[in-house]
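Asks: Starting off with a structure, shown below.
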Amino acid sequence: MRLYAAVVAGAFRRHATYRMATAAGVFTNTTFGFILAFTYMALWNERPGLGGYDMAEALAYVWLGQALLAACSLMGGGFEDELIERIKTGDIAVDLYRPADLQVWWMCVNLGRAAFQLLGRGVVPLVVGALAFDIALPEHPLTWPAFLLSVALGVMVAFGVWFLVALSAFWLMDGAGVVQVAWLAGLFFSGMLLPLNVFPGALGEVARALPWASMLQVPAEVFLEKRTGWDLLGAYAFQAGWAVVLLAAGRAVQAAATHRVVVQGG
Amino acid sequence: MWIRSTMTYRFSFAMTLLSNFTATLFDFVVILLMFAHVRGLGGFSFAEVAFLYGTTSTAFGLADLAMGQTVRLGKRVRDGTLDTLLVRPVPVLAQVAADRFALRRLGRVTQGLVVLVWSLVLLDAVAWTPLKAVLVPLMVVTGALIFGSLMVAGAAFQFWAQDGAEVTNSFTYGGNNLLQYPPSIFAGELVKGVVYVVPLAFVNWVPALYVLGRDAPAGLPAWSAFASPLVAAGFVGLAGLAWRVGIRSYRSTGS
């Protein structure tokens, strides 16, 4: 237990040292937030109340997306590149030899990273968005912790997805293709480009049932107080359900993969 | 060399090419989804927005194909592998651009061109003149030069800010994203910034609005529609200068 806590703290500290990268990320997230906010305003001006959101809620959604982008690895950039590199080069053998579980180890690495990204890259864009635009903020103070719990569950689901993506490198060697496909799915189905409740018909229903909905759409709904009471528990159950399924799948794939590992060199 | 090495992992290459095409397609699907709900965006029709989208995406795609690899420079500066490039008898910039040259980026160019051609078919309100017909390919080329210069300038910036590559993205990817939509939806200050401060508007907004028979943004005179080559030349000059300053100031790592 102490070991894993140290891994979380280590990952947090490590990302805290990339100061220039964090500043650059905040700048980029804020720029994209502005561009997206104006396109949403044009859209919601034409169709007020689209997707059940008023203008202030739609604008809040934009800035939540920018705030969660790095923490929930909506477009990757989490731990997967490093893990794939280790699998490719064979350094993974060292990881497997450690007195720690591979999946739990990387989960802790990702938790530390996500915690830092939420603080380092999440807070500033949200504050800038709230100052520059008239965005909807939670009316109930308890919504904030409820939202953070939903974000934490979203981070777990994201880990589940990216861990599976990374392990595919055991079979494919070059992970670039799978990473790109996962990146794409994350971009589109998390609701990063357009809220999932604006997606029409069957496409919308499928998108809202997929795991990526846990990473942005569901936390945003909690933030906007669209999910309260039993509905809030339903939202948590949805996220936790996907987290359990994906983590179990990750376990199974890990077991299959470690059976295949052949360590080279002498 | 990088083309051959990419082809070694054929399955992966096919997947990256396909996903690159789809990734940029999703960009456009968002606009399609928006137009499933509305008839016009900021007073612009679907065909007009598609035209803006097609011109900037093709230009950006070409720049990305040629210069997209320059974002990797920061990593080379950090770990000191840039030194290998400095001792070779080939211009460093050419080597940096060719570093891990990614043919999959053809996906974006193809997709941009498809949307551009489609929009030209849909645009029936435009009174075409030879001048307007010349402007369309011209803005793709000058737009690519402007985006390419920004990528080189961004790379030069990394000599100083070694892991600040993402700032370049706000101007390149962000600019591309901005120019896909009509200027009428953005705040006046933002449009002025894109016209007079960082004149990205010359990638497509200024010439495209002329083609569409609309007024130039931010009170520019009508002749400015033909100023794109000049602006592009300015961008290339400044990027060249920035690159030279950057590489002069390079100090290798190590003890």
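Chains: A, B, ... in order of the structure tokens. Residues: from 1 per chain. Ligands: from 1, in order shown.
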Give me, as a tab-separated table, the closest atom pair and its distance (Å, one decimal) for every residue of chain A within a cut-off of 9 Å of chain B, counting only C-alpha atoms, rows sorted by chain and rising number.

Replies:
```
residue	atom	partner	partner_atom	distance
A:Tyr18	CA	B:Asp163	CA	7.7
A:Arg19	CA	B:Asp163	CA	8.7
A:Met20	CA	B:Gly164	CA	5.6
A:Ala21	CA	B:Gly164	CA	5.0
A:Thr22	CA	B:Gly164	CA	8.2
A:Ala23	CA	B:Gly164	CA	7.7
A:Ala24	CA	B:Val167	CA	5.1
A:Gly25	CA	B:Glu166	CA	5.9
A:Val26	CA	B:Val167	CA	9.0
A:Phe27	CA	B:Val167	CA	6.6
A:Thr28	CA	B:Ser170	CA	4.9
A:Asn29	CA	B:Ser170	CA	8.0
A:Thr30	CA	B:Ser170	CA	8.9
A:Thr31	CA	B:Ser170	CA	6.2
A:Phe32	CA	B:Gly174	CA	6.2
A:Ile35	CA	B:Leu178	CA	6.1
A:Leu36	CA	B:Leu178	CA	8.5
A:Phe38	CA	B:Phe186	CA	5.6
A:Thr39	CA	B:Ile185	CA	6.7
A:Met41	CA	B:Ile185	CA	7.8
A:Ala42	CA	B:Ile185	CA	5.8
A:Leu43	CA	B:Leu41	CA	6.6
A:Asn45	CA	B:Gly42	CA	8.9
A:Glu46	CA	B:Val38	CA	6.4
A:Arg47	CA	B:Val38	CA	6.8
A:Leu50	CA	B:His37	CA	8.2
A:Leu172	CA	B:Ser12	CA	8.1
A:Met173	CA	B:Tyr9	CA	8.9
A:Asp174	CA	B:Ser12	CA	6.8
A:Gly175	CA	B:Ser12	CA	7.5
A:Ala176	CA	B:Ser12	CA	6.6
A:Gly177	CA	B:Thr16	CA	4.7
A:Val178	CA	B:Met15	CA	7.4
A:Val179	CA	B:Thr16	CA	8.8
A:Gln180	CA	B:Ser19	CA	6.3
A:Val181	CA	B:Ser19	CA	5.8
A:Trp183	CA	B:Ala23	CA	8.7
A:Leu184	CA	B:Ala23	CA	5.8
A:Ala185	CA	B:Ala23	CA	8.8
A:Leu187	CA	B:Ala23	CA	8.5
A:Phe188	CA	B:Phe26	CA	7.0
A:Leu193	CA	B:Val30	CA	6.8
A:Leu194	CA	B:Val30	CA	6.8
A:Val198	CA	B:Leu33	CA	8.1
A:Phe199	CA	B:Leu33	CA	7.0
A:Pro200	CA	B:Leu33	CA	7.9
```

Asks: Identify, with DSSP run on backbone atoms, the residues in segment 104-172 of chain A assigned to alpha helix (DSSP H), and express the list as a CSV table (one decimal) with all heavy atoms, in the first residue's frame.

Replies:
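Written output follows (states-v2.csv):
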```csv
chain,number,residue,atom,x,y,z
A,104,VAL,N,-1.7,-2.3,-11.5
A,104,VAL,CA,-1.9,-1.3,-10.3
A,104,VAL,C,-0.8,-0.3,-10.3
A,104,VAL,O,-1.0,0.9,-10.1
A,104,VAL,CB,-1.9,-2.1,-9.0
A,104,VAL,CG1,-2.1,-1.1,-7.8
A,104,VAL,CG2,-3.0,-3.2,-9.0
A,105,TRP,N,0.4,-0.7,-10.7
A,105,TRP,CA,1.5,0.2,-10.8
A,105,TRP,C,1.2,1.4,-11.7
A,105,TRP,O,1.3,2.5,-11.4
A,105,TRP,CB,2.8,-0.5,-11.2
A,105,TRP,CG,4.0,0.3,-11.5
A,105,TRP,CD1,4.2,1.1,-12.6
A,105,TRP,CD2,5.1,0.6,-10.6
A,105,TRP,NE1,5.4,1.8,-12.5
A,105,TRP,CE2,6.0,1.5,-11.3
A,105,TRP,CE3,5.4,0.1,-9.3
A,105,TRP,CZ2,7.1,1.9,-10.7
A,105,TRP,CZ3,6.6,0.6,-8.7
A,105,TRP,CH2,7.4,1.4,-9.4
A,106,TRP,N,0.8,1.0,-13.0
A,106,TRP,CA,0.6,2.1,-14.0
A,106,TRP,C,-0.7,2.8,-13.6
A,106,TRP,O,-0.8,4.0,-14.0
A,106,TRP,CB,0.5,1.4,-15.3
A,106,TRP,CG,1.8,1.1,-15.9
A,106,TRP,CD1,2.4,-0.1,-15.8
A,106,TRP,CD2,2.8,2.0,-16.4
A,106,TRP,NE1,3.7,-0.1,-16.3
A,106,TRP,CE2,3.9,1.2,-16.7
A,106,TRP,CE3,2.8,3.3,-16.8
A,106,TRP,CZ2,5.1,1.8,-17.3
A,106,TRP,CZ3,3.9,3.9,-17.4
A,106,TRP,CH2,5.0,3.1,-17.6
A,107,MET,N,-1.6,2.2,-12.9
A,107,MET,CA,-2.8,2.9,-12.5
A,107,MET,C,-2.4,4.0,-11.5
A,107,MET,O,-2.9,5.2,-11.6
A,107,MET,CB,-3.8,2.0,-11.8
A,107,MET,CG,-5.2,2.6,-11.5
A,107,MET,SD,-6.1,1.6,-10.3
A,107,MET,CE,-6.3,0.1,-11.2
A,108,CYS,N,-1.5,3.7,-10.6
A,108,CYS,CA,-1.0,4.7,-9.7
A,108,CYS,C,-0.3,5.8,-10.4
A,108,CYS,O,-0.4,7.0,-10.1
A,108,CYS,CB,-0.1,4.1,-8.6
A,108,CYS,SG,-1.0,3.0,-7.6
A,109,VAL,N,0.6,5.5,-11.4
A,109,VAL,CA,1.3,6.5,-12.2
A,109,VAL,C,0.3,7.4,-12.8
A,109,VAL,O,0.4,8.6,-12.8
A,109,VAL,CB,2.1,5.8,-13.3
A,109,VAL,CG1,2.6,6.8,-14.3
A,109,VAL,CG2,3.3,5.0,-12.6
A,110,ASN,N,-0.8,6.8,-13.3
A,110,ASN,CA,-1.8,7.7,-14.0
A,110,ASN,C,-2.6,8.5,-13.1
A,110,ASN,O,-2.9,9.7,-13.4
A,110,ASN,CB,-2.7,6.8,-14.9
A,110,ASN,CG,-3.6,7.6,-15.7
A,110,ASN,OD1,-3.2,8.5,-16.5
A,110,ASN,ND2,-4.9,7.4,-15.6
A,111,LEU,N,-2.8,8.0,-11.9
A,111,LEU,CA,-3.6,8.8,-10.9
A,111,LEU,C,-2.8,10.0,-10.5
A,111,LEU,O,-3.4,11.1,-10.4
A,111,LEU,CB,-3.9,7.9,-9.6
A,111,LEU,CG,-5.2,7.0,-9.7
A,111,LEU,CD1,-5.3,6.2,-8.5
A,111,LEU,CD2,-6.4,7.9,-9.9
A,112,GLY,N,-1.5,9.8,-10.2
A,112,GLY,CA,-0.7,11.0,-9.8
A,112,GLY,C,-0.6,12.0,-10.9
A,112,GLY,O,-0.8,13.2,-10.7
A,113,ARG,N,-0.5,11.5,-12.2
A,113,ARG,CA,-0.4,12.4,-13.3
A,113,ARG,C,-1.8,13.2,-13.5
A,113,ARG,O,-1.8,14.4,-13.6
A,113,ARG,CB,-0.2,11.6,-14.6
A,113,ARG,CG,-0.1,12.4,-15.9
A,113,ARG,CD,-0.3,11.5,-17.1
A,113,ARG,NE,-1.7,11.0,-17.1
A,113,ARG,CZ,-2.7,11.7,-17.5
A,113,ARG,NH1,-2.6,12.9,-18.0
A,113,ARG,NH2,-4.0,11.2,-17.4
A,114,ALA,N,-2.9,12.4,-13.4
A,114,ALA,CA,-4.2,13.1,-13.5
A,114,ALA,C,-4.4,14.1,-12.5
A,114,ALA,O,-5.0,15.2,-12.8
A,114,ALA,CB,-5.3,12.0,-13.5
A,115,ALA,N,-4.0,13.8,-11.2
A,115,ALA,CA,-4.3,14.7,-10.1
A,115,ALA,C,-3.5,16.0,-10.4
A,115,ALA,O,-4.0,17.1,-10.3
A,115,ALA,CB,-3.8,14.1,-8.8
A,116,PHE,N,-2.3,15.9,-10.9
A,116,PHE,CA,-1.5,17.1,-11.2
A,116,PHE,C,-2.1,17.9,-12.4
A,116,PHE,O,-2.3,19.1,-12.4
A,116,PHE,CB,0.0,16.8,-11.5
A,116,PHE,CG,0.6,18.1,-12.0
A,116,PHE,CD1,1.0,19.1,-11.1
A,116,PHE,CD2,0.9,18.4,-13.3
A,116,PHE,CE1,1.5,20.3,-11.5
A,116,PHE,CE2,1.4,19.6,-13.7
A,116,PHE,CZ,1.8,20.5,-12.8
A,117,GLN,N,-2.5,17.1,-13.5
A,117,GLN,CA,-3.1,17.8,-14.6
A,117,GLN,C,-4.4,18.5,-14.3
A,117,GLN,O,-4.7,19.6,-14.9
A,117,GLN,CB,-3.3,16.8,-15.8
A,117,GLN,CG,-2.1,16.1,-16.3
A,117,GLN,CD,-1.1,17.0,-17.0
A,117,GLN,OE1,-1.1,18.2,-16.7
A,117,GLN,NE2,-0.4,16.4,-17.9
A,123,VAL,N,-7.6,24.1,-13.7
A,123,VAL,CA,-8.2,25.2,-13.0
A,123,VAL,C,-8.1,26.5,-13.8
A,123,VAL,O,-9.1,27.2,-13.9
A,123,VAL,CB,-7.4,25.4,-11.6
A,123,VAL,CG1,-7.9,26.6,-10.9
A,123,VAL,CG2,-7.6,24.2,-10.7
A,124,VAL,N,-7.0,26.8,-14.4
A,124,VAL,CA,-6.8,28.1,-15.1
A,124,VAL,C,-7.8,28.2,-16.2
A,124,VAL,O,-8.5,29.2,-16.3
A,124,VAL,CB,-5.4,28.3,-15.5
A,124,VAL,CG1,-5.2,29.6,-16.3
A,124,VAL,CG2,-4.4,28.3,-14.3
A,125,PRO,N,-7.9,27.3,-17.2
A,125,PRO,CA,-8.9,27.4,-18.3
A,125,PRO,C,-10.3,27.7,-17.7
A,125,PRO,O,-11.0,28.5,-18.3
A,125,PRO,CB,-8.8,26.2,-19.1
A,125,PRO,CG,-7.4,25.7,-18.8
A,125,PRO,CD,-7.1,26.0,-17.4
A,126,LEU,N,-10.7,26.9,-16.7
A,126,LEU,CA,-12.0,27.1,-16.2
A,126,LEU,C,-12.3,28.5,-15.6
A,126,LEU,O,-13.3,29.1,-15.8
A,126,LEU,CB,-12.3,26.0,-15.1
A,126,LEU,CG,-13.8,25.7,-14.8
A,126,LEU,CD1,-14.6,25.3,-16.0
A,126,LEU,CD2,-13.9,24.7,-13.7
A,127,VAL,N,-11.2,29.0,-14.9
A,127,VAL,CA,-11.4,30.3,-14.3
A,127,VAL,C,-11.4,31.4,-15.4
A,127,VAL,O,-12.3,32.3,-15.4
A,127,VAL,CB,-10.2,30.6,-13.3
A,127,VAL,CG1,-10.2,32.0,-12.9
A,127,VAL,CG2,-10.3,29.7,-12.1
A,128,VAL,N,-10.5,31.2,-16.4
A,128,VAL,CA,-10.5,32.2,-17.5
A,128,VAL,C,-11.9,32.1,-18.2
A,128,VAL,O,-12.5,33.2,-18.5
A,128,VAL,CB,-9.4,31.8,-18.5
A,128,VAL,CG1,-9.6,32.7,-19.8
A,128,VAL,CG2,-8.1,32.1,-17.9
A,129,GLY,N,-12.4,30.9,-18.5
A,129,GLY,CA,-13.7,30.8,-19.1
A,129,GLY,C,-14.8,31.5,-18.3
A,129,GLY,O,-15.7,32.2,-18.9
A,130,ALA,N,-14.8,31.3,-17.0
A,130,ALA,CA,-15.8,31.9,-16.1
A,130,ALA,C,-15.7,33.4,-16.1
A,130,ALA,O,-16.7,34.1,-16.0
A,130,ALA,CB,-15.7,31.3,-14.7
A,131,LEU,N,-14.5,33.9,-16.3
A,131,LEU,CA,-14.3,35.4,-16.2
A,131,LEU,C,-14.7,36.0,-17.6
A,131,LEU,O,-15.3,37.1,-17.7
A,131,LEU,CB,-12.9,35.8,-15.9
A,131,LEU,CG,-12.4,35.5,-14.5
A,131,LEU,CD1,-11.0,35.8,-14.3
A,131,LEU,CD2,-13.3,36.2,-13.5
A,132,ALA,N,-14.3,35.3,-18.7
A,132,ALA,CA,-14.5,35.9,-20.0
A,132,ALA,C,-15.9,35.7,-20.5
A,132,ALA,O,-16.4,36.4,-21.4
A,132,ALA,CB,-13.5,35.3,-21.0
A,143,THR,N,-22.3,20.2,-5.1
A,143,THR,CA,-22.1,19.8,-6.5
A,143,THR,C,-20.6,19.6,-6.8
A,143,THR,O,-20.2,18.7,-7.6
A,143,THR,CB,-22.8,20.7,-7.5
A,143,THR,OG1,-24.1,20.8,-7.2
A,143,THR,CG2,-22.7,20.3,-8.9
A,144,TRP,N,-19.8,20.5,-6.2
A,144,TRP,CA,-18.4,20.5,-6.5
A,144,TRP,C,-17.7,19.1,-6.1
A,144,TRP,O,-17.1,18.5,-7.0
A,144,TRP,CB,-17.6,21.6,-5.8
A,144,TRP,CG,-17.9,23.0,-6.5
A,144,TRP,CD1,-18.8,23.9,-6.1
A,144,TRP,CD2,-17.3,23.5,-7.7
A,144,TRP,NE1,-18.8,25.0,-6.9
A,144,TRP,CE2,-17.9,24.7,-7.9
A,144,TRP,CE3,-16.3,23.0,-8.5
A,144,TRP,CZ2,-17.5,25.5,-9.0
A,144,TRP,CZ3,-15.9,23.8,-9.6
A,144,TRP,CH2,-16.5,25.0,-9.9
A,145,PRO,N,-17.9,18.7,-4.8
A,145,PRO,CA,-17.4,17.3,-4.5
A,145,PRO,C,-18.0,16.2,-5.4
A,145,PRO,O,-17.3,15.3,-5.8
A,145,PRO,CB,-17.7,17.1,-3.1
A,145,PRO,CG,-18.6,18.2,-2.7
A,145,PRO,CD,-18.4,19.3,-3.6
A,146,ALA,N,-19.3,16.3,-5.7
A,146,ALA,CA,-20.0,15.3,-6.5
A,146,ALA,C,-19.3,15.3,-7.9
A,146,ALA,O,-19.1,14.2,-8.5
A,146,ALA,CB,-21.4,15.6,-6.7
A,147,PHE,N,-19.0,16.5,-8.4
A,147,PHE,CA,-18.3,16.6,-9.7
A,147,PHE,C,-16.9,15.9,-9.6
A,147,PHE,O,-16.5,15.2,-10.5
A,147,PHE,CB,-18.2,18.1,-10.1
A,147,PHE,CG,-17.3,18.4,-11.2
A,147,PHE,CD1,-17.6,18.0,-12.5
A,147,PHE,CD2,-16.2,19.1,-11.0
A,147,PHE,CE1,-16.7,18.3,-13.6
A,147,PHE,CE2,-15.3,19.5,-12.0
A,147,PHE,CZ,-15.6,19.0,-13.3
A,148,LEU,N,-16.2,16.2,-8.6
A,148,LEU,CA,-14.8,15.7,-8.5
A,148,LEU,C,-14.8,14.2,-8.4
A,148,LEU,O,-14.0,13.5,-9.0
A,148,LEU,CB,-14.1,16.3,-7.2
A,148,LEU,CG,-13.7,17.7,-7.4
A,148,LEU,CD1,-13.0,18.2,-6.1
A,148,LEU,CD2,-12.7,17.9,-8.6
A,149,LEU,N,-15.8,13.6,-7.7
A,149,LEU,CA,-15.9,12.1,-7.7
A,149,LEU,C,-16.2,11.6,-9.1
A,149,LEU,O,-15.6,10.6,-9.5
A,149,LEU,CB,-17.0,11.7,-6.7
A,149,LEU,CG,-17.3,10.2,-6.6
A,149,LEU,CD1,-16.1,9.5,-6.2
A,149,LEU,CD2,-18.4,9.9,-5.6
A,150,SER,N,-17.0,12.3,-9.8
A,150,SER,CA,-17.3,11.8,-11.2
A,150,SER,C,-16.1,11.9,-12.0
A,150,SER,O,-15.8,11.1,-12.9
A,150,SER,CB,-18.5,12.7,-11.7
A,150,SER,OG,-18.8,12.3,-13.0
A,151,VAL,N,-15.3,13.0,-11.9
A,151,VAL,CA,-14.0,13.1,-12.6
A,151,VAL,C,-13.1,12.0,-12.3
A,151,VAL,O,-12.5,11.4,-13.1
A,151,VAL,CB,-13.4,14.5,-12.3
A,151,VAL,CG1,-12.0,14.5,-12.9
A,151,VAL,CG2,-14.2,15.6,-12.9
A,152,ALA,N,-13.0,11.7,-11.0
A,152,ALA,CA,-12.1,10.6,-10.5
A,152,ALA,C,-12.5,9.3,-11.2
A,152,ALA,O,-11.7,8.5,-11.7
A,152,ALA,CB,-12.2,10.4,-9.0
A,153,LEU,N,-13.8,9.0,-11.3
A,153,LEU,CA,-14.3,7.8,-11.9
A,153,LEU,C,-14.0,7.9,-13.4
A,153,LEU,O,-13.6,6.8,-14.0
A,153,LEU,CB,-15.8,7.6,-11.7
A,153,LEU,CG,-16.2,7.2,-10.3
A,153,LEU,CD1,-17.7,7.3,-10.1
A,153,LEU,CD2,-15.8,5.7,-10.1
A,154,GLY,N,-14.1,9.0,-14.0
A,154,GLY,CA,-13.8,9.2,-15.4
A,154,GLY,C,-12.3,8.9,-15.7
A,154,GLY,O,-11.9,8.3,-16.7
A,155,VAL,N,-11.4,9.3,-14.7
A,155,VAL,CA,-10.0,9.1,-14.9
A,155,VAL,C,-9.7,7.5,-14.8
A,155,VAL,O,-8.9,7.0,-15.6
A,155,VAL,CB,-9.2,9.7,-13.7
A,155,VAL,CG1,-7.8,9.3,-13.7
A,155,VAL,CG2,-9.3,11.3,-13.9
A,156,MET,N,-10.5,6.8,-14.0
A,156,MET,CA,-10.3,5.4,-13.9
A,156,MET,C,-10.8,4.7,-15.2
A,156,MET,O,-10.1,3.8,-15.7
A,156,MET,CB,-11.2,4.8,-12.8
A,156,MET,CG,-10.6,5.1,-11.4
A,156,MET,SD,-8.9,4.8,-11.2
A,156,MET,CE,-8.9,3.0,-11.2
A,157,VAL,N,-11.9,5.2,-15.8
A,157,VAL,CA,-12.3,4.6,-17.1
A,157,VAL,C,-11.3,4.9,-18.2
A,157,VAL,O,-10.9,4.0,-18.9
A,157,VAL,CB,-13.7,5.2,-17.5
A,157,VAL,CG1,-14.1,4.7,-18.9
A,157,VAL,CG2,-14.8,4.8,-16.5
A,158,ALA,N,-10.8,6.1,-18.2
A,158,ALA,CA,-9.8,6.5,-19.2
A,158,ALA,C,-8.5,5.6,-19.0
A,158,ALA,O,-8.0,5.1,-20.0
A,158,ALA,CB,-9.4,7.9,-19.0
A,159,PHE,N,-8.2,5.3,-17.8
A,159,PHE,CA,-7.0,4.4,-17.5
A,159,PHE,C,-7.3,3.1,-18.1
A,159,PHE,O,-6.5,2.5,-18.8
A,159,PHE,CB,-6.7,4.3,-16.0
A,159,PHE,CG,-5.7,3.2,-15.8
A,159,PHE,CD1,-4.3,3.5,-16.0
A,159,PHE,CD2,-6.1,2.0,-15.4
A,159,PHE,CE1,-3.4,2.5,-15.9
A,159,PHE,CE2,-5.1,1.0,-15.2
A,159,PHE,CZ,-3.8,1.2,-15.4
A,160,GLY,N,-8.5,2.6,-17.9
A,160,GLY,CA,-8.9,1.2,-18.4
A,160,GLY,C,-8.8,1.1,-19.9
A,160,GLY,O,-8.2,0.2,-20.4
A,161,VAL,N,-9.2,2.2,-20.6
A,161,VAL,CA,-9.1,2.2,-22.0
A,161,VAL,C,-7.7,2.2,-22.5
A,161,VAL,O,-7.2,1.4,-23.3
A,161,VAL,CB,-9.9,3.4,-22.6
A,161,VAL,CG1,-9.6,3.5,-24.1
A,161,VAL,CG2,-11.4,3.3,-22.3
A,162,TRP,N,-6.9,3.2,-21.9
A,162,TRP,CA,-5.5,3.4,-22.4
A,162,TRP,C,-4.6,2.2,-22.0
A,162,TRP,O,-3.6,1.9,-22.7
A,162,TRP,CB,-5.0,4.7,-21.9
A,162,TRP,CG,-5.6,5.8,-22.7
A,162,TRP,CD1,-6.4,6.8,-22.2
A,162,TRP,CD2,-5.4,6.2,-24.0
A,162,TRP,NE1,-6.8,7.7,-23.1
A,162,TRP,CE2,-6.2,7.3,-24.3
A,162,TRP,CE3,-4.7,5.6,-25.1
A,162,TRP,CZ2,-6.2,7.9,-25.5
A,162,TRP,CZ3,-4.7,6.2,-26.3
A,162,TRP,CH2,-5.5,7.4,-26.6
A,163,PHE,N,-4.9,1.5,-20.9
A,163,PHE,CA,-4.1,0.4,-20.5
A,163,PHE,C,-4.3,-0.7,-21.6
A,163,PHE,O,-3.3,-1.3,-22.0
A,163,PHE,CB,-4.5,-0.1,-19.1
A,163,PHE,CG,-3.6,-1.2,-18.6
A,163,PHE,CD1,-2.3,-0.9,-18.2
A,163,PHE,CD2,-4.1,-2.5,-18.4
A,163,PHE,CE1,-1.5,-1.8,-17.7
A,163,PHE,CE2,-3.3,-3.5,-17.8
A,163,PHE,CZ,-2.0,-3.1,-17.5
A,164,LEU,N,-5.5,-1.0,-22.0
A,164,LEU,CA,-5.8,-2.0,-23.0
A,164,LEU,C,-5.1,-1.6,-24.3
A,164,LEU,O,-4.5,-2.4,-25.0
A,164,LEU,CB,-7.3,-2.1,-23.3
A,164,LEU,CG,-8.1,-2.9,-22.3
A,164,LEU,CD1,-9.6,-2.8,-22.5
A,164,LEU,CD2,-7.6,-4.4,-22.3
A,165,VAL,N,-5.1,-0.3,-24.7
A,165,VAL,CA,-4.5,0.2,-25.9
A,165,VAL,C,-3.0,-0.1,-25.8
A,165,VAL,O,-2.4,-0.6,-26.8
A,165,VAL,CB,-4.8,1.7,-26.1
A,165,VAL,CG1,-3.9,2.3,-27.2
A,165,VAL,CG2,-6.2,1.9,-26.4
A,166,ALA,N,-2.4,0.2,-24.7
A,166,ALA,CA,-1.0,0.0,-24.5
A,166,ALA,C,-0.6,-1.4,-24.6
A,166,ALA,O,0.4,-1.8,-25.3
A,166,ALA,CB,-0.5,0.6,-23.2
A,167,LEU,N,-1.4,-2.3,-24.0
A,167,LEU,CA,-1.0,-3.7,-24.0
A,167,LEU,C,-1.1,-4.3,-25.4
A,167,LEU,O,-0.5,-5.4,-25.7
A,167,LEU,CB,-1.9,-4.5,-23.0
A,167,LEU,CG,-1.7,-4.3,-21.5
A,167,LEU,CD1,-2.4,-5.4,-20.8
A,167,LEU,CD2,-0.2,-4.3,-21.2
A,169,ALA,N,0.4,-3.5,-27.8
A,169,ALA,CA,1.7,-3.4,-28.3
A,169,ALA,C,2.5,-4.8,-28.1
A,169,ALA,O,3.4,-5.1,-28.9
A,169,ALA,CB,2.5,-2.3,-27.7
A,170,PHE,N,2.0,-5.6,-27.2
A,170,PHE,CA,2.6,-6.9,-27.0
A,170,PHE,C,2.4,-7.7,-28.3
A,170,PHE,O,3.3,-8.6,-28.6
A,170,PHE,CB,2.0,-7.6,-25.8
A,170,PHE,CG,2.6,-7.4,-24.5
A,170,PHE,CD1,1.9,-6.7,-23.5
A,170,PHE,CD2,3.9,-7.8,-24.2
A,170,PHE,CE1,2.5,-6.4,-22.3
A,170,PHE,CE2,4.5,-7.6,-23.0
A,170,PHE,CZ,3.8,-6.9,-22.0
A,171,TRP,N,1.3,-7.5,-29.0
A,171,TRP,CA,1.1,-8.3,-30.2
A,171,TRP,C,1.5,-7.5,-31.5
A,171,TRP,O,2.0,-8.1,-32.4
A,171,TRP,CB,-0.4,-8.7,-30.2
A,171,TRP,CG,-0.8,-9.7,-29.3
A,171,TRP,CD1,-0.8,-11.1,-29.5
A,171,TRP,CD2,-1.2,-9.5,-27.9
A,171,TRP,NE1,-1.1,-11.7,-28.4
A,171,TRP,CE2,-1.4,-10.8,-27.4
A,171,TRP,CE3,-1.4,-8.4,-27.1
A,171,TRP,CZ2,-1.8,-11.0,-26.1
A,171,TRP,CZ3,-1.8,-8.6,-25.8
A,171,TRP,CH2,-2.0,-9.9,-25.3
A,172,LEU,N,1.2,-6.2,-31.5
A,172,LEU,CA,1.4,-5.5,-32.7
A,172,LEU,C,2.8,-4.8,-32.8
A,172,LEU,O,3.2,-4.4,-33.8
A,172,LEU,CB,0.4,-4.3,-32.8
A,172,LEU,CG,-1.1,-4.8,-32.9
A,172,LEU,CD1,-2.0,-3.7,-32.9
A,172,LEU,CD2,-1.2,-5.6,-34.2
```

Asks: I want to know what sits within 7 Å of segment 209-213 of chain B, based on only C-alpha atoms, with residues of the same chain fewer than 5 positions away left out; could you give that as a count of residues only?

Replies: 3

Asks: Nearest to Ala220 of chain A among A:Leu137, A:Val94, A:Leu3, A:Ala237, with distances taken over only C-alpha atoms: which residue is it?

Replies: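 Going through A:Leu137, A:Val94, A:Leu3, A:Ala237 one by one, the smallest distance to Ala220 of chain A is for A:Leu137.
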
Asks: Which neighbours of Leu96 of chain A fall inside 12 Å, counting only C-alpha atoms, when residues of the same chain fewer than 2 positions from it are skipped, and could you give them as a list in words?

Replies: Arg86, Ile87, Gly90, Asp91, Ile92, Ala93, Val94, Arg98, Pro99, Ala100, Asp101, Leu102, Gln103, Val104, Trp105, Trp106, Gln254, Ala255, Ala257, Thr258, His259, Val261, Val262 and Val263 of chain A

Asks: Calculated over only C-alpha atoms, which of the candidates B:Phe147, B:Phe21, B:Phe159, B:Phe44 has the smallest distance to Leu62 of chain B?

Replies: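 Of B:Phe147, B:Phe21, B:Phe159, B:Phe44, the one nearest Leu62 of chain B, counting only C-alpha atoms, is B:Phe147.
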
Asks: Within 10 Å of Glu139 of chain A, counting only C-alpha atoms, which residues show up once you throw out same-chain ones fewer than 5 positions away? Write them as a PyMOL selection string, please.

Replies: chain A and resi 144+223-225

Asks: Env of Gly68 of chain B: 10 Å cut, atoms = only C-alpha atoms, seq-sep filter 6 positions within chain, self excluded. Answer as number ranges by chain.

Replies: B: 60-62, 96-102, 105, 147-148, 151-152, 155, 172

Asks: Atom CA of Gly51 of chain A to atom CA of Asn197 of chain A: how many Å, to one decimal?

Replies: 5.3 Å
